[in-house]
file upload_22.txt (compact mmCIF, C-alpha atoms and all ligand atoms)
# COMPACT_ATOMS: atom_id res chain seq x y z
CA MET I 1 10.54 -9.31 7.16
CA LYS I 2 7.48 -8.82 9.33
CA GLU I 3 4.55 -10.86 8.06
CA PHE I 4 1.23 -9.26 7.26
CA SER I 5 -1.68 -11.16 8.81
CA ALA I 6 -4.93 -11.74 6.94
CA ASP I 7 -6.69 -10.23 9.99
CA TRP I 8 -4.72 -6.97 9.62
CA LEU I 9 -5.42 -6.83 5.87
CA ASP I 10 -9.15 -7.49 6.52
CA LEU I 11 -9.24 -4.76 9.13
CA ARG I 12 -7.61 -2.14 6.91
CA GLU I 13 -9.39 -3.02 3.63
CA PRO I 14 -12.53 -0.88 4.12
CA TYR I 15 -10.42 2.09 5.25
CA ASP I 16 -8.11 1.60 2.26
CA ALA I 17 -11.11 1.43 -0.06
CA ARG I 18 -12.45 4.71 1.36
CA ALA I 19 -9.01 6.37 1.20
CA ARG I 20 -8.12 5.54 -2.43
CA ASN I 21 -7.81 8.84 -4.25
CA PRO I 22 -10.87 9.32 -6.55
CA ALA I 23 -9.05 11.52 -9.10
CA VAL I 24 -6.35 8.88 -9.48
CA LEU I 25 -8.99 6.16 -9.91
CA ASP I 26 -10.77 8.34 -12.49
CA ALA I 27 -7.50 8.78 -14.42
CA LEU I 28 -6.98 5.01 -14.44
CA ALA I 29 -10.58 4.35 -15.54
CA ALA I 30 -10.39 6.99 -18.31
CA ALA I 31 -7.10 5.61 -19.65
CA VAL I 32 -8.53 2.10 -20.14
CA ALA I 33 -12.15 3.00 -20.94
CA ASP I 34 -11.96 2.17 -24.65
CA ARG I 35 -10.30 -1.24 -24.22
CA ALA I 36 -12.39 -4.37 -24.64
CA SER I 37 -10.22 -6.28 -22.16
CA ILE I 38 -7.28 -5.75 -19.85
CA ALA I 39 -4.54 -7.90 -18.29
CA ILE I 40 -3.40 -6.88 -14.82
CA VAL I 41 -0.61 -8.05 -12.56
CA ASP I 42 -1.12 -7.10 -8.90
CA LEU I 43 2.27 -7.13 -7.15
CA ALA I 44 2.17 -8.05 -3.43
CA CYS I 45 -1.56 -8.70 -3.69
CA GLY I 46 -2.15 -9.92 -0.11
CA THR I 47 -5.68 -11.33 -0.15
CA GLY I 48 -6.68 -9.44 -3.31
CA ALA I 49 -7.88 -6.08 -1.96
CA THR I 50 -6.77 -4.18 -5.06
CA LEU I 51 -8.82 -6.42 -7.34
CA ARG I 52 -11.87 -5.89 -5.15
CA ALA I 53 -11.26 -2.13 -5.04
CA ILE I 54 -10.72 -1.33 -8.71
CA SER I 55 -12.25 -4.14 -10.74
CA SER I 56 -15.46 -2.17 -11.32
CA ARG I 57 -13.42 0.71 -12.86
CA LEU I 58 -11.82 -1.51 -15.53
CA PRO I 59 -13.07 -3.04 -18.80
CA ARG I 60 -15.45 -5.95 -18.18
CA ARG I 61 -13.09 -8.61 -19.54
CA GLN I 62 -10.21 -8.81 -17.07
CA SER I 63 -7.34 -11.19 -16.61
CA TRP I 64 -5.65 -10.87 -13.17
CA ARG I 65 -2.32 -12.29 -12.00
CA LEU I 66 -2.24 -11.98 -8.22
CA VAL I 67 1.36 -12.23 -6.99
CA ASP I 68 2.57 -12.57 -3.40
CA ASN I 69 5.18 -14.57 -1.48
CA ASP I 70 2.88 -15.32 1.48
CA LEU I 71 1.07 -18.57 0.74
CA ARG I 72 -1.47 -18.10 3.54
CA LEU I 73 -2.55 -14.74 2.13
CA LEU I 74 -2.65 -16.08 -1.41
CA ALA I 75 -4.90 -18.92 -0.20
CA SER I 76 -7.47 -16.28 0.83
CA ALA I 77 -7.26 -14.41 -2.48
CA PRO I 78 -9.92 -15.00 -5.14
CA SER I 79 -8.45 -17.77 -7.27
CA SER I 80 -11.42 -18.51 -9.47
CA ALA I 81 -13.44 -16.15 -11.61
CA PRO I 82 -15.24 -13.86 -9.12
CA ALA I 83 -17.60 -12.63 -11.84
CA ALA I 84 -18.36 -13.26 -15.47
CA GLY I 85 -15.61 -12.04 -17.78
CA LYS I 86 -12.86 -12.24 -15.14
CA ASN I 87 -10.01 -14.67 -15.05
CA VAL I 88 -7.89 -14.75 -11.88
CA VAL I 89 -4.75 -16.74 -11.12
CA THR I 90 -2.64 -16.60 -7.98
CA ILE I 91 1.14 -16.76 -8.36
CA PRO I 92 3.43 -17.49 -5.42
CA LEU I 93 6.56 -15.47 -6.08
CA ASP I 94 9.16 -13.45 -4.19
CA ILE I 95 9.11 -10.18 -6.12
CA ALA I 96 12.23 -8.93 -4.35
CA ARG I 97 14.15 -11.61 -6.22
CA GLU I 98 11.93 -12.53 -9.16
CA LEU I 99 10.18 -9.34 -10.18
CA GLU I 100 10.81 -9.96 -13.87
CA ALA I 101 9.03 -13.34 -13.71
CA ALA I 102 5.93 -11.57 -12.36
CA LEU I 103 5.91 -9.21 -15.34
CA ASP I 104 6.82 -11.74 -18.02
CA ALA I 105 3.30 -12.39 -19.28
CA PRO I 106 0.77 -10.50 -21.35
CA VAL I 107 0.21 -7.49 -19.05
CA ASP I 108 -1.28 -4.04 -19.66
CA LEU I 109 -1.48 -2.69 -16.12
CA VAL I 110 0.67 -3.18 -13.00
CA THR I 111 -1.11 -2.56 -9.72
CA ILE I 112 0.63 -2.11 -6.37
CA SER I 113 -1.09 -1.25 -3.10
CA ALA I 114 0.57 -0.62 0.27
CA LEU I 115 3.95 -1.85 -0.89
CA LEU I 116 6.20 0.92 -2.21
CA ASP I 117 7.18 2.29 1.22
CA LEU I 118 8.67 -1.17 1.95
CA VAL I 119 10.99 -1.28 -1.06
CA SER I 120 14.52 0.02 -1.57
CA ALA I 121 15.69 2.67 -4.04
CA ALA I 122 17.44 -0.06 -6.03
CA TRP I 123 14.32 -2.22 -6.26
CA LEU I 124 12.14 0.78 -7.18
CA GLU I 125 14.59 1.59 -9.97
CA ARG I 126 14.36 -2.02 -11.20
CA LEU I 127 10.56 -1.91 -11.08
CA ALA I 128 10.35 1.41 -12.92
CA VAL I 129 12.76 0.31 -15.65
CA GLU I 130 11.04 -3.09 -16.12
CA ILE I 131 7.64 -1.38 -16.37
CA ALA I 132 8.83 1.41 -18.67
CA THR I 133 10.66 -1.04 -20.96
CA ARG I 134 7.39 -2.92 -21.42
CA GLY I 135 5.37 0.33 -21.74
CA LEU I 136 2.90 -0.73 -19.02
CA LEU I 137 0.38 1.35 -17.12
CA VAL I 138 0.85 1.64 -13.33
CA TYR I 139 -1.63 2.15 -10.53
CA ALA I 140 0.23 2.43 -7.20
CA ALA I 141 -1.95 3.13 -4.17
CA LEU I 142 -1.70 3.65 -0.45
CA THR I 143 2.01 4.34 -0.09
CA TYR I 144 2.64 5.64 3.45
CA ASP I 145 4.17 9.13 3.39
CA GLY I 146 5.14 9.71 7.04
CA ARG I 147 2.41 12.21 7.98
CA VAL I 148 0.44 11.30 11.11
CA THR I 149 -1.84 13.56 13.12
CA PHE I 150 -3.46 12.69 16.42
CA GLU I 151 -6.47 14.15 18.19
CA PRO I 152 -6.13 14.84 21.10
CA ALA I 153 -2.43 15.66 20.82
CA ASP I 154 0.20 14.26 23.19
CA PRO I 155 3.65 15.76 23.89
CA VAL I 156 5.37 12.51 22.83
CA ASP I 157 3.49 12.11 19.47
CA ALA I 158 6.18 13.75 17.32
CA LYS I 159 9.00 11.74 18.91
CA MET I 160 7.05 8.50 18.44
CA ILE I 161 6.25 9.16 14.78
CA GLY I 162 9.86 10.20 14.20
CA ALA I 163 10.93 6.82 15.57
CA VAL I 164 8.30 4.98 13.49
CA ASN I 165 9.42 6.76 10.32
CA ARG I 166 13.07 5.87 10.97
CA HIS I 167 11.97 2.25 11.49
CA GLN I 168 10.13 2.40 8.15
CA ARG I 169 13.52 2.80 6.48
CA GLY I 170 14.77 -0.56 7.73
CA ASP I 171 15.13 -3.58 5.44
CA LYS I 172 11.72 -5.12 4.69
CA GLY I 173 13.10 -7.77 2.38
CA PHE I 174 14.03 -5.47 -0.52
CA GLY I 175 17.10 -3.76 0.99
CA PRO I 176 16.98 -0.49 2.98
CA ALA I 177 13.39 0.73 2.55
CA LEU I 178 12.47 4.12 1.10
CA GLY I 179 9.77 4.51 3.77
CA PRO I 180 7.99 7.89 3.74
CA THR I 181 9.78 9.23 0.63
CA ALA I 182 8.84 6.25 -1.57
CA ALA I 183 5.81 7.73 -3.35
CA LEU I 184 7.50 10.99 -4.33
CA GLU I 185 10.59 9.12 -5.50
CA ALA I 186 8.48 6.71 -7.56
CA ILE I 187 6.51 9.55 -9.16
CA ALA I 188 9.73 11.41 -10.02
CA ARG I 189 11.27 8.24 -11.46
CA PHE I 190 8.29 7.47 -13.71
CA GLU I 191 8.18 11.08 -14.90
CA ALA I 192 11.89 10.89 -15.72
CA LEU I 193 11.16 7.75 -17.76
CA GLY I 194 8.66 9.66 -19.88
CA TYR I 195 5.47 8.82 -17.98
CA SER I 196 2.64 11.20 -17.27
CA VAL I 197 1.58 10.85 -13.64
CA VAL I 198 -1.65 11.75 -11.81
CA HIS I 199 -1.23 11.64 -8.05
CA GLY I 200 -3.07 12.58 -4.89
CA ALA I 201 -3.49 11.93 -1.20
CA SER I 202 -5.17 8.78 0.06
CA ASP I 203 -5.01 9.39 3.78
CA TRP I 204 -6.54 7.10 6.34
CA THR I 205 -8.95 9.03 8.55
CA PHE I 206 -9.82 7.06 11.65
CA GLY I 207 -12.66 8.59 13.62
CA ARG I 208 -13.51 8.16 17.28
CA ARG I 209 -15.50 5.01 16.63
CA ASP I 210 -12.75 3.28 14.63
CA ARG I 211 -11.31 1.70 17.74
CA ALA I 212 -10.05 -1.69 16.51
CA ILE I 213 -7.79 -0.31 13.80
CA GLN I 214 -6.47 2.42 16.07
CA PHE I 215 -5.56 -0.16 18.73
CA ASP I 216 -3.74 -2.29 16.11
CA LEU I 217 -1.85 0.68 14.68
CA LEU I 218 -0.75 1.89 18.10
CA ALA I 219 0.54 -1.59 19.00
CA GLY I 220 2.54 -1.75 15.75
CA TRP I 221 3.96 1.73 16.25
CA GLY I 222 4.91 0.90 19.87
CA ALA I 223 6.81 -2.19 18.71
CA ALA I 224 8.54 -0.26 15.89
CA ALA I 225 9.64 2.53 18.24
CA LEU I 226 10.94 -0.01 20.75
CA GLU I 227 13.09 -1.69 18.08
CA GLY I 228 14.56 1.68 17.09
CA GLY I 229 15.87 2.29 20.61
CA ALA I 230 15.54 6.12 20.51
CA LEU I 231 12.79 6.18 23.15
CA SER I 232 12.91 4.46 26.54
CA LEU I 233 10.51 1.64 27.31
CA ALA I 234 8.88 3.89 29.93
CA GLU I 235 8.32 6.68 27.37
CA ILE I 236 6.76 4.28 24.85
CA ASP I 237 4.69 2.55 27.50
CA GLY I 238 3.39 5.85 28.86
CA TRP I 239 2.51 7.14 25.36
CA LEU I 240 0.73 3.88 24.51
CA ALA I 241 -1.25 3.93 27.77
CA ARG I 242 -2.42 7.52 27.20
CA ARG I 243 -3.27 6.95 23.53
CA ARG I 244 -5.11 3.69 24.27
CA ASP I 245 -7.09 5.45 26.95
CA HIS I 246 -8.17 8.10 24.42
CA VAL I 247 -9.23 5.34 21.97
CA ALA I 248 -11.12 3.31 24.59
CA SER I 249 -13.04 6.38 25.78
CA GLY I 250 -13.96 7.46 22.22
CA ARG I 251 -11.84 10.63 22.18
CA SER I 252 -9.20 9.58 19.66
CA SER I 253 -8.98 10.25 15.95
CA ILE I 254 -5.88 9.56 13.84
CA ASP I 255 -5.05 10.57 10.26
CA VAL I 256 -2.28 8.71 8.44
CA GLY I 257 -0.84 10.13 5.22
CA HIS I 258 -0.70 8.06 2.03
CA VAL I 259 -0.21 8.82 -1.66
CA ASP I 260 -1.76 7.19 -4.75
CA PHE I 261 -0.62 7.62 -8.32
CA PHE I 262 -1.52 6.47 -11.81
CA ALA I 263 1.24 6.61 -14.44
CA ARG I 264 1.11 6.00 -18.16
CA PRO I 265 3.68 6.33 -20.89
CA THR I 266 3.39 9.68 -22.64
CA GLY I 267 1.62 9.04 -25.89
CA ALA I 268 -0.25 5.99 -24.54
CA ARG I 269 -3.96 6.21 -25.04
C1 LIG H 301 0.74 -4.16 3.41
S1 LIG H 301 0.50 -5.68 2.56
C2 LIG H 301 -0.48 -5.13 1.20
C3 LIG H 301 -1.30 -6.24 0.59
C4 LIG H 301 -2.28 -5.81 -0.51
N1 LIG H 301 -1.60 -5.19 -1.63
C5 LIG H 301 -3.34 -4.88 0.07
O1 LIG H 301 -3.37 -3.71 -0.33
O2 LIG H 301 -4.13 -5.33 0.91
C6 LIG H 301 2.07 -6.00 1.80
C7 LIG H 301 2.09 -7.26 1.00
O3 LIG H 301 3.40 -7.39 0.42
C8 LIG H 301 3.68 -8.77 0.35
N2 LIG H 301 5.13 -8.93 0.18
C9 LIG H 301 6.10 -8.45 0.98
N3 LIG H 301 7.30 -8.81 0.51
C10 LIG H 301 7.09 -9.51 -0.64
C11 LIG H 301 7.93 -10.15 -1.59
N4 LIG H 301 9.27 -10.13 -1.44
N5 LIG H 301 7.37 -10.80 -2.63
C12 LIG H 301 6.02 -10.82 -2.79
N6 LIG H 301 5.17 -10.23 -1.92
C13 LIG H 301 5.69 -9.59 -0.85
C14 LIG H 301 3.16 -9.28 1.70
O4 LIG H 301 3.03 -10.69 1.75
C15 LIG H 301 1.84 -8.54 1.79
O5 LIG H 301 0.82 -9.25 1.18
call {"tool": "encode", "arguments": {"input": "upload_22.txt", "output": "C-alpha cells"}}
result
Amino acid sequence: MKEFSADWLDLREPYDARARNPAVLDALAAAVADRASIAIVDLACGTGATLRAISSRLPRRQSWRLVDNDLRLLASAPSSAPAAGKNVVTIPLDIARELEAALDAPVDLVTISALLDLVSAAWLERLAVEIATRGLLVYAALTYDGRVTFEPADPVDAKMIGAVNRHQRGDKGFGPALGPTAALEAIARFEALGYSVVHGASDWTFGRRDRAIQFDLLAGWGAAALEGGALSLAEIDGWLARRRDHVASGRSSIDVGHVDFFARPTGAR
C-alpha cells in the first residue's frame, strides 16, 4: 500500500487536532473520568498524533501501546514517558495480519485515527468482534466520508472527487477498502454488537492561507484520479492547474468530510 510520510502526518496533525469532534471527545472523557488509570492501544499510530491529541482528556495514569507497521513512523513516535504518570511502548506490527496480537494485553480503550476508511468490510468485522469480545471502549477519529467542497467551484470538481472516492475503495493492505462508507458501517456494526455510540463530524476546513496542505491534497487526489483511469490526463492536469492557481493566489478553501465516534458496551460505566 501507499506509505504515509512523517512529513504528511506532521502537516495534517494540527488540522486533525482542530477537526476532532468535541462532543465525541467529551463522551470519551466522561466515560473514563472516574478511573484512576487507563490502558490504551492506538492502532496504526503513525507518529503518535492520537496520544498527543487525547492524552489530556484521559486519567492521569496512562499506559499506551502504539502500534504501526511503518518502522520509520514508529521511530518518530514518543517511546519514553512523555509526562509523569505515562508509560508508552511502540509495537511494530502488521494489524492487517496480526490484529489479535495488538489487542492481547491489558487494554481498556482502543484508539484509531485516520485508518478505518482504508480497511475492508472483513477486517472491520474482525476488529469489531475482537473489541466487543473483550468489552473494550473505542475512540475512532478522522475517518474520511467522501464529502469534499471547494471554493471557488470548478466544473470538474465532482468528477475528480468521484474518481478519488472510487480509488479510496481499492486495496490498502486490508482487502478492498470501505472508503467513504467506513465510518457509518463501523458505527452500525458496534451498535449491532450492543455498543452505545456517540458520533459527529470532524471535517477538515482549509482556509485560504492553508496553502501547503491544500497543495499536498491536490497532488494526492490528482495521482489517485490518474490511477483510476476515468479522467484523461489532460482533464486532470487542467483541473490541477486551475485549483493550484486558486491556492497560490489565496482564493481557495477546501472542506473535507470526516467522522469521529466513541463507542462503549451498553452497561459499561
Ligand atoms: C493516515 S495514517 C494515520 C496515522 C495516525 N493514526 C494519525 O492519525 O496521524 C495511517 C497509518 O496506518 C498505518 N498502517 C497502514 N497499514 C497498516 C498495517 N497493516 N498495520 C499497521 N499499521 C498500518 C500507516 O503506517 C500509517 O501510520
call {"tool": "residues_around", "arguments": {"input": "upload_22.txt", "residues": "Ala248 (chain I)", "least_positions_apart": "5", "cutoff": "9 Å", "atoms": "only C-alpha atoms", "output": "list in words"}}
result
Arg211, Phe215 and Arg243 of chain I
call {"tool": "residues_near_ligand", "arguments": {"input": "upload_22.txt", "ligand": "ligand LIG 301 (chain H)", "cutoff": "8 Å", "atoms": "only C-alpha atoms and all ligand atoms", "output": "ChimeraX atom specification"}}
result
/I:1,3-4,9-10,12-13,16,42-50,67-70,73,92-97,112-115,118,141-142,172-174
call {"tool": "atom_distance", "arguments": {"input": "upload_22.txt", "atom1": "CA of Gly194 (chain I)", "atom2": "CA of Glu125 (chain I)"}}
result
14.1 Å
call {"tool": "residues_around", "arguments": {"input": "upload_22.txt", "residues": "region 179-187 of chain I", "least_positions_apart": "3", "cutoff": "7 Å", "atoms": "all atoms listed in the file", "output": "list in words"}}
result
Leu116, Asp117, Leu118, Leu124, Thr143, Tyr144, Asp145, Gly146, Asn165, Gln168, Arg169, Phe190, Glu191, Val197 and Val259 of chain I
call {"tool": "atom_distance", "arguments": {"input": "upload_22.txt", "atom1": "CA of Ala77 (chain I)", "atom2": "CA of Ser5 (chain I)"}}
result
13.0 Å
call {"tool": "closest_residue", "arguments": {"input": "upload_22.txt", "among": "I:Ala224, I:Ile213, I:Ala6, I:Met160", "to": "Gly238 (chain I)", "atoms": "all atoms listed in the file"}}
result
I:Met160
call {"tool": "residues_around", "arguments": {"input": "upload_22.txt", "residues": "Ala219 (chain I)", "least_positions_apart": "4", "cutoff": "12 Å", "atoms": "all atoms listed in the file", "output": "PDB file with C-alpha atoms, in the coordinates of the input"}}
result
ATOM      1  CA  VAL I 164       8.300   4.980  13.490  1.00  0.00           C
ATOM      2  CA  ALA I 212     -10.050  -1.690  16.510  1.00  0.00           C
ATOM      3  CA  ILE I 213      -7.790  -0.310  13.800  1.00  0.00           C
ATOM      4  CA  GLN I 214      -6.470   2.420  16.070  1.00  0.00           C
ATOM      5  CA  PHE I 215      -5.560  -0.160  18.730  1.00  0.00           C
ATOM      6  CA  ALA I 223       6.810  -2.190  18.710  1.00  0.00           C
ATOM      7  CA  ALA I 224       8.540  -0.260  15.890  1.00  0.00           C
ATOM      8  CA  ALA I 225       9.640   2.530  18.240  1.00  0.00           C
ATOM      9  CA  LEU I 226      10.940  -0.010  20.750  1.00  0.00           C
ATOM     10  CA  ILE I 236       6.760   4.280  24.850  1.00  0.00           C
ATOM     11  CA  ASP I 237       4.690   2.550  27.500  1.00  0.00           C
ATOM     12  CA  TRP I 239       2.510   7.140  25.360  1.00  0.00           C
ATOM     13  CA  LEU I 240       0.730   3.880  24.510  1.00  0.00           C
ATOM     14  CA  ALA I 241      -1.250   3.930  27.770  1.00  0.00           C
ATOM     15  CA  ARG I 243      -3.270   6.950  23.530  1.00  0.00           C
ATOM     16  CA  ARG I 244      -5.110   3.690  24.270  1.00  0.00           C
TER      17      ARG I 244
END
call {"tool": "atom_distance", "arguments": {"input": "upload_22.txt", "atom1": "CA of Leu58 (chain I)", "atom2": "CA of Ala27 (chain I)"}}
result
11.2 Å
call {"tool": "residues_near_point", "arguments": {"input": "upload_22.txt", "point": "(-6.4, 7.0, -10.9)", "cutoff": "12 Å", "atoms": "all atoms listed in the file", "output": "MDAnalysis selection string"}}
result
chainID I and resid 20:32 53:54 57:58 111 137:142 196:202 259:264
call {"tool": "closest_residue", "arguments": {"input": "upload_22.txt", "among": "I:Arg242, I:His258, I:Arg251, I:Arg18", "to": "Leu218 (chain I)", "atoms": "all atoms listed in the file"}}
result
I:Arg242
